[in-house]
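Working notes, structure below.
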Amino acid sequence: MLRITITDLIKKTLISLQKEKKLPCFKIPDISVQKPVLQSHGDYSSNVALKIARGVGKSPAEIAKVIAQEMNKLEIFQEVGVAEPCFINFFLSNKTLYSQLKEILQKKEAFGSLELGQGKKVNLEFISANPTGPLHIGNCRGGFCGDVLANVLKKAGYEVFREYYVNDRGVQVREVLRRSLEGKEGGYKGAYIEDLRKRKIKDPEVAAHIILKEQIKPTIEKMKIKFDCYFFESDLYRKKETDKALNFLKKQGFVYEKEGALWFRTTDLGDDKDRVLIKSDGQATYFLSDIAYLKNKFKRGFDYLIFFWGAEHHGYIKRIKAATKALGFSEERVIPLIVQLVKLVEKGKEVKMSKRAGKYITVDELINEVGVDVARFFFLQRSYDKHLLFDLDLAREQSQKNPVYYIQYAFARISSVLKKAQIKETQVKCSQKELELLKEKEELSLIKKLLRLPEIVEDIACDYQVHRIAHYALDLAEGFHCFYQKHRILSEDKRLEKARLALVLATRIVLKNTLDLMGISAPERM
RNA sequence: GCCCCUGUAGUUCAAUGGAUAGAACAGAGACCUCCGGAGUCUCAGAUGUAGGUUCGAUUCCUACCAGGGGCACCA
């Protein structure tokens, strides 16, 4: 991966410059290499000179000059320059681009894979909607983002386990279902409740499992999400894990009694107030289940626990971090991701949803109307901390204009050209000499875009922001459309044709890998 | 009252503290003898307000203004 390579090269250069006494001794900081906005500023750039100038006692310009001079000797670059205010700009040599292109063609579906995770085990819990009814649009966001994050982390070299936590025991769930089945105030309405009533289902816990099986699971399949496990809260009780967790906390001295209830002194561990574990009526709270569940996950050997929560749960973070610390684990191993709420807009007005009134748009309805590819892309585009405005009219009427088609269209075009050229999945054997025929602006620019996939995977594996991949996919598709528009692939010049077909094949590979990560289909025809 | 998130173009969104703030849709215009026009290329258009931190702020800090979401022996 180029960005890592360049970072390493800078580090090596600094060390050798220090050895040669061209630079004084100092501790080498974390070096950041970024992609400049402007092409004229190079393919990559670094502010390392500015960063180390503080501790070195030389002017940044001087330092940058020395580093650039040294790095100019490296073959990977065509040029290493210095620009105001002391950025070091790296221009890749075309030779580097061609060899990287070859690598894509060799690696195929493995292109973009990293060993960043070193096989560490990650538990990714998402959706986990209460089994009281069908999934609604609010569940979509965390669902799709969780699924894609799982894909990306796997690509980055983590061992990923996807989990859905089923609150099948909680008082609230049981109470709501009981009221719903009996048609009482405070219950939910909807066809599925009617159906349960007709089937004479009385037990709320049975109802919960039926809803999970008949409503939620089929929808999840429709969303093209796969879970490795549905974890039942009731199992924690059946196996006495809640008792064990409570006893553990007691032994650690975190538990006290007040007004007939058992409290967990979470304030000792950074929470705003203490929390109840056992209510005065003897019932355990969800929080106790969650602590037992946390313990259970660590016991299963996960290095990191990632959760997707809606914004309404933000207050829960301190609590779960406190529990983590009380259990004796480092809080860095628990990573809660908060996604802001989804607001539904129709005809310019917000649509208020109510589960109680049976008034909400289900995920099934949404996917039936716009298709799973459009739905996935729509929810993937935004960063988690933005409120997501879901415009129903746009999704319904303008699906033709949806950017996901722009991306898929690029793939369809590629397939079409390859078909015409009668090239199947087989490798185009293209020599370095032939690849050197690719020197048009659009060709080189496309190659550079292809090479960014591993960087995107790395970035997401570090900050979990999956929307990066959606934006990358658009950028990649644009790169191909521009190239396609400007230059003919099939031509009389058979050597050039071969080189361009190699580029097209490589684009196909990277586009396919990107779409796979997003869980969006790559159609040969549209 | 306290806590969390957000204020960027007419609209919906981008931009690990970096260089001339990017797209898409909507608007104005151009490109079909040509591998799929669901495409390409032009033009026009934006950082809520006031301070601070520093070589450099859309990004970090403070105050204010505006929107959303939380503050249970629910989760």
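Ordering of the structure tokens sets the chain letters (A, B, ...); residue numbers start at 1 within each chain; ligands are numbered from 1 in the order shown.
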*Give the strand (DSSP E) residues of region 226-302 of chain A, as assigned by DSSP on the backbone, as an MDAnalysis selection string.*
chainID A and resid 229:232 255:258 261:264 275:278
How would the residues just chosen look if you wrote them out with N, CA and C atoms as a short mmCIF file (atom, residue, chain, number, x, y, z; two decimals), in the first residue's frame?
data_model
loop_
_atom_site.label_atom_id
_atom_site.label_comp_id
_atom_site.auth_asym_id
_atom_site.auth_seq_id
_atom_site.Cartn_x
_atom_site.Cartn_y
_atom_site.Cartn_z
N CYS A 229 -24.80 -14.72 14.79
CA CYS A 229 -25.46 -15.22 15.99
C CYS A 229 -26.55 -14.27 16.46
N TYR A 230 -27.68 -14.86 16.87
CA TYR A 230 -28.70 -14.11 17.59
C TYR A 230 -28.55 -14.49 19.05
N PHE A 231 -28.19 -13.53 19.86
CA PHE A 231 -27.92 -13.84 21.27
C PHE A 231 -29.13 -13.45 22.10
N PHE A 232 -29.65 -14.43 22.87
CA PHE A 232 -30.87 -14.18 23.64
C PHE A 232 -30.57 -13.76 25.07
N VAL A 255 -21.46 -2.61 44.81
CA VAL A 255 -22.91 -2.72 44.96
C VAL A 255 -23.36 -2.30 46.36
N TYR A 256 -24.43 -1.54 46.41
CA TYR A 256 -25.00 -1.18 47.70
C TYR A 256 -26.52 -1.19 47.63
N GLU A 257 -27.15 -1.21 48.81
CA GLU A 257 -28.61 -1.26 48.85
C GLU A 257 -29.16 0.09 49.25
N LYS A 258 -30.23 0.48 48.59
CA LYS A 258 -30.88 1.74 48.96
C LYS A 258 -32.36 1.63 48.60
N ALA A 261 -33.65 -1.43 46.79
CA ALA A 261 -33.09 -1.82 45.49
C ALA A 261 -31.57 -1.98 45.60
N LEU A 262 -30.99 -2.74 44.66
CA LEU A 262 -29.54 -2.90 44.63
C LEU A 262 -28.95 -1.96 43.58
N TRP A 263 -27.98 -1.16 44.01
CA TRP A 263 -27.40 -0.14 43.12
C TRP A 263 -25.94 -0.44 42.79
N PHE A 264 -25.55 -0.02 41.64
CA PHE A 264 -24.18 -0.15 41.17
C PHE A 264 -23.56 1.25 41.23
N ARG A 275 -26.59 3.50 39.23
CA ARG A 275 -27.65 2.83 38.47
C ARG A 275 -28.16 1.61 39.23
N VAL A 276 -29.45 1.34 39.01
CA VAL A 276 -30.08 0.21 39.69
C VAL A 276 -29.80 -1.09 38.93
N LEU A 277 -29.48 -2.13 39.68
CA LEU A 277 -29.28 -3.46 39.10
C LEU A 277 -30.49 -4.34 39.37
N ILE A 278 -30.94 -4.32 40.64
CA ILE A 278 -32.15 -5.07 41.01
C ILE A 278 -33.15 -4.07 41.60
#
Residues of chain A within 7 Å of chain B, counting only C-alpha atoms (C1' of nucleotides), what are they? List them as a compact mmCIF listing (two decimals) with N, CA and C atoms, in the first residue's frame.
# COMPACT_ATOMS: atom_id res chain seq x y z
N GLN A 172 -40.19 -4.64 29.88
CA GLN A 172 -40.85 -3.71 28.97
C GLN A 172 -41.37 -4.45 27.72
N ALA A 261 -33.65 -1.43 46.79
CA ALA A 261 -33.09 -1.82 45.49
C ALA A 261 -31.57 -1.98 45.60
N VAL A 276 -29.45 1.34 39.01
CA VAL A 276 -30.08 0.21 39.69
C VAL A 276 -29.80 -1.09 38.93
N LYS A 279 -34.32 -4.02 40.99
CA LYS A 279 -35.33 -3.07 41.46
C LYS A 279 -35.92 -3.56 42.78
N SER A 280 -36.62 -2.66 43.45
CA SER A 280 -37.15 -3.01 44.77
C SER A 280 -38.20 -4.12 44.67
N TYR A 286 -32.42 -4.10 32.76
CA TYR A 286 -31.70 -4.46 31.53
C TYR A 286 -30.20 -4.25 31.73
N ALA A 311 -28.97 7.59 18.64
CA ALA A 311 -28.57 8.75 19.44
C ALA A 311 -29.28 8.79 20.80
N GLU A 312 -30.47 8.20 20.87
CA GLU A 312 -31.21 8.25 22.13
C GLU A 312 -30.51 7.44 23.22
N HIS A 314 -27.23 7.68 23.86
CA HIS A 314 -25.90 8.22 24.13
C HIS A 314 -25.58 8.24 25.62
N GLY A 315 -26.63 8.42 26.44
CA GLY A 315 -26.43 8.46 27.88
C GLY A 315 -25.97 7.13 28.44
N GLN A 340 -26.85 9.11 14.60
CA GLN A 340 -27.95 10.05 14.82
C GLN A 340 -29.23 9.53 14.16
N ASP A 385 -22.68 11.13 12.72
CA ASP A 385 -23.11 12.20 13.61
C ASP A 385 -23.99 13.24 12.92
N LYS A 386 -24.38 12.94 11.69
CA LYS A 386 -25.34 13.81 11.01
C LYS A 386 -26.74 13.19 11.10
N GLN A 400 -34.01 6.71 -10.43
CA GLN A 400 -33.19 6.70 -11.64
C GLN A 400 -31.97 7.60 -11.48
N TYR A 405 -26.87 4.25 -9.11
CA TYR A 405 -26.94 3.84 -10.52
C TYR A 405 -25.71 4.31 -11.29
N TYR A 406 -25.21 5.43 -10.89
CA TYR A 406 -24.02 5.98 -11.52
C TYR A 406 -22.85 5.01 -11.35
N TYR A 409 -23.66 1.70 -13.17
CA TYR A 409 -23.57 1.92 -14.60
C TYR A 409 -22.13 1.78 -15.09
N ARG A 413 -20.99 -0.84 -17.88
CA ARG A 413 -20.22 -0.44 -19.06
C ARG A 413 -18.97 -1.29 -19.22
N VAL A 417 -18.02 -3.72 -22.38
CA VAL A 417 -16.80 -3.61 -23.19
C VAL A 417 -16.02 -4.92 -23.19
N HIS A 481 -15.85 6.76 -15.84
CA HIS A 481 -16.71 7.42 -16.84
C HIS A 481 -15.91 8.45 -17.64
N CYS A 482 -15.05 9.20 -16.96
CA CYS A 482 -14.24 10.21 -17.65
C CYS A 482 -13.32 9.56 -18.67
N GLN A 485 -15.32 8.12 -21.62
CA GLN A 485 -15.85 9.15 -22.50
C GLN A 485 -14.78 9.69 -23.44
N ARG A 488 -11.14 5.76 -26.59
CA ARG A 488 -11.68 4.48 -27.06
C ARG A 488 -10.84 3.34 -26.53
N ILE A 489 -11.51 2.31 -26.10
CA ILE A 489 -10.78 1.17 -25.56
C ILE A 489 -10.45 0.20 -26.68
N LEU A 490 -11.49 -0.17 -27.45
CA LEU A 490 -11.28 -1.10 -28.56
C LEU A 490 -10.81 -0.30 -29.77
Item to check | Those of region 191-399 of chain A in DSSP alpha helix (DSSP H), formatted as JSON, numbers by chain | outcome: {"A": [191, 192, 193, 194, 195, 196, 197, 198, 204, 205, 206, 207, 208, 209, 210, 211, 217, 218, 219, 220, 221, 222, 233, 234, 235, 236, 237, 238, 241, 242, 243, 244, 245, 246, 247, 248, 249, 250, 251, 286, 287, 288, 289, 290, 291, 292, 293, 294, 295, 296, 297, 298, 299, 316, 317, 318, 319, 320, 321, 322, 323, 324, 325, 326, 363, 364, 365, 366, 367, 368, 369, 370, 372, 373, 374, 375, 376, 377, 378, 379, 380, 392, 393, 394, 395, 396, 397]}
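Comparing A:Glu492, A:Glu233, A:Glu115, A:Glu241 by their smallest distance to Met1 (chain A), the closest is A:Glu115 (using only C-alpha atoms).
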Quiz item: By how many Å are CA of Val176 (chain A) and CA of Asp235 (chain A) apart?
Solution: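 That distance, rounded to one decimal, is 20.7 Å.
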Which neighbours of Phe377 (chain A) fall inside 12 Å, counting only C-alpha atoms (C1' of nucleotides), when residues of the same chain fewer than 2 positions from it are skipped, and could you give them as a PyMOL selection string?
chain A and resi 140-141+144-145+148+223+367+370-375+379-382+390+395+399+402-408+466-471+473-474+515+517-521
With C-alpha atoms retained, export the selected residues as an mmCIF file, in the first residue's frame.
data_model
loop_
_atom_site.group_PDB
_atom_site.id
_atom_site.type_symbol
_atom_site.label_atom_id
_atom_site.label_comp_id
_atom_site.auth_asym_id
_atom_site.auth_seq_id
_atom_site.Cartn_x
_atom_site.Cartn_y
_atom_site.Cartn_z
ATOM 1 C CA CYS A 140 -31.936 0.634 8.863
ATOM 2 C CA ARG A 141 -29.095 2.986 9.499
ATOM 3 C CA PHE A 144 -26.483 -1.208 7.016
ATOM 4 C CA CYS A 145 -23.584 0.649 8.620
ATOM 5 C CA VAL A 148 -20.560 -2.690 6.019
ATOM 6 C CA MET A 223 -31.500 -6.219 3.748
ATOM 7 C CA ILE A 367 -36.884 -2.125 0.144
ATOM 8 C CA VAL A 370 -36.618 1.435 -3.856
ATOM 9 C CA GLY A 371 -34.646 -1.799 -3.879
ATOM 10 C CA VAL A 372 -32.017 -2.946 -1.453
ATOM 11 C CA ASP A 373 -29.078 -1.435 -3.370
ATOM 12 C CA VAL A 374 -30.523 2.063 -3.283
ATOM 13 C CA ALA A 375 -31.551 1.686 0.344
ATOM 14 C CA PHE A 379 -27.934 5.071 4.455
ATOM 15 C CA LEU A 380 -24.216 4.587 3.875
ATOM 16 C CA GLN A 381 -23.543 8.020 2.423
ATOM 17 C CA ARG A 382 -23.747 10.028 5.621
ATOM 18 C CA PHE A 390 -34.699 10.307 4.322
ATOM 19 C CA ALA A 395 -36.202 7.543 -2.989
ATOM 20 C CA SER A 399 -34.405 6.377 -8.056
ATOM 21 C CA ASN A 402 -29.775 7.932 -7.448
ATOM 22 C CA PRO A 403 -25.975 7.928 -7.378
ATOM 23 C CA VAL A 404 -25.937 4.187 -6.854
ATOM 24 C CA TYR A 405 -26.939 3.837 -10.518
ATOM 25 C CA TYR A 406 -24.021 5.979 -11.523
ATOM 26 C CA ILE A 407 -21.699 3.504 -9.846
ATOM 27 C CA GLN A 408 -23.447 0.431 -11.133
ATOM 28 C CA VAL A 466 -18.138 3.779 6.681
ATOM 29 C CA HIS A 467 -19.470 6.676 4.621
ATOM 30 C CA ARG A 468 -15.954 7.034 3.241
ATOM 31 C CA ILE A 469 -16.472 3.997 1.076
ATOM 32 C CA ALA A 470 -19.641 5.346 -0.503
ATOM 33 C CA HIS A 471 -17.834 8.533 -1.484
ATOM 34 C CA ALA A 473 -17.191 4.427 -4.944
ATOM 35 C CA LEU A 474 -18.589 7.572 -6.549
ATOM 36 C CA LEU A 515 -19.399 -2.786 -4.166
ATOM 37 C CA LEU A 517 -17.782 -4.210 0.762
ATOM 38 C CA MET A 518 -20.925 -2.082 0.586
ATOM 39 C CA GLY A 519 -23.097 -5.130 -0.039
ATOM 40 C CA ILE A 520 -24.387 -3.614 -3.250
ATOM 41 C CA SER A 521 -24.795 -5.695 -6.368
#
Which residues are close to region 18-23 of chain A, i.e. within 12 Å by only C-alpha atoms (C1' of nucleotides), leaving aside same-chain residues fewer than 3 positions away? Reply as an NGL selection string. :A and (11-15 or 26-28 or 49 or 52-53 or 55-60 or 62-67 or 69-70)
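Those residues that approach Glu79 (chain A) to within 7 Å, counting only C-alpha atoms (C1' of nucleotides), are Asn72, Phe90 and Phe91 of chain A; same-chain residues fewer than 6 positions away are not listed.
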- Message: Which residues are close to Lys51 (chain A), i.e. within 9 Å by only C-alpha atoms (C1' of nucleotides), leaving aside same-chain residues fewer than 3 positions away? Reply as a list in words.
- Response: Pro29, Ile31, Asn47, Val48, Arg54, Gly55 and Pro60 of chain A
Open item on the list: as a ChimeraX atom specification, please: the residues near His487 (chain A) (cut-off 10 Å, only C-alpha atoms (C1' of nucleotides), same-chain neighbours under 6 positions excluded).
Closed with: /A:440,442-443,500 /B:35
**Message:** Between CA of Ile4 (chain A) and CA of Tyr158 (chain A), what is the distance in Å, rounded to a tenth?
**Reply:**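 We find that CA of Ile4 (chain A) and CA of Tyr158 (chain A) lie 18.4 Å from each other.
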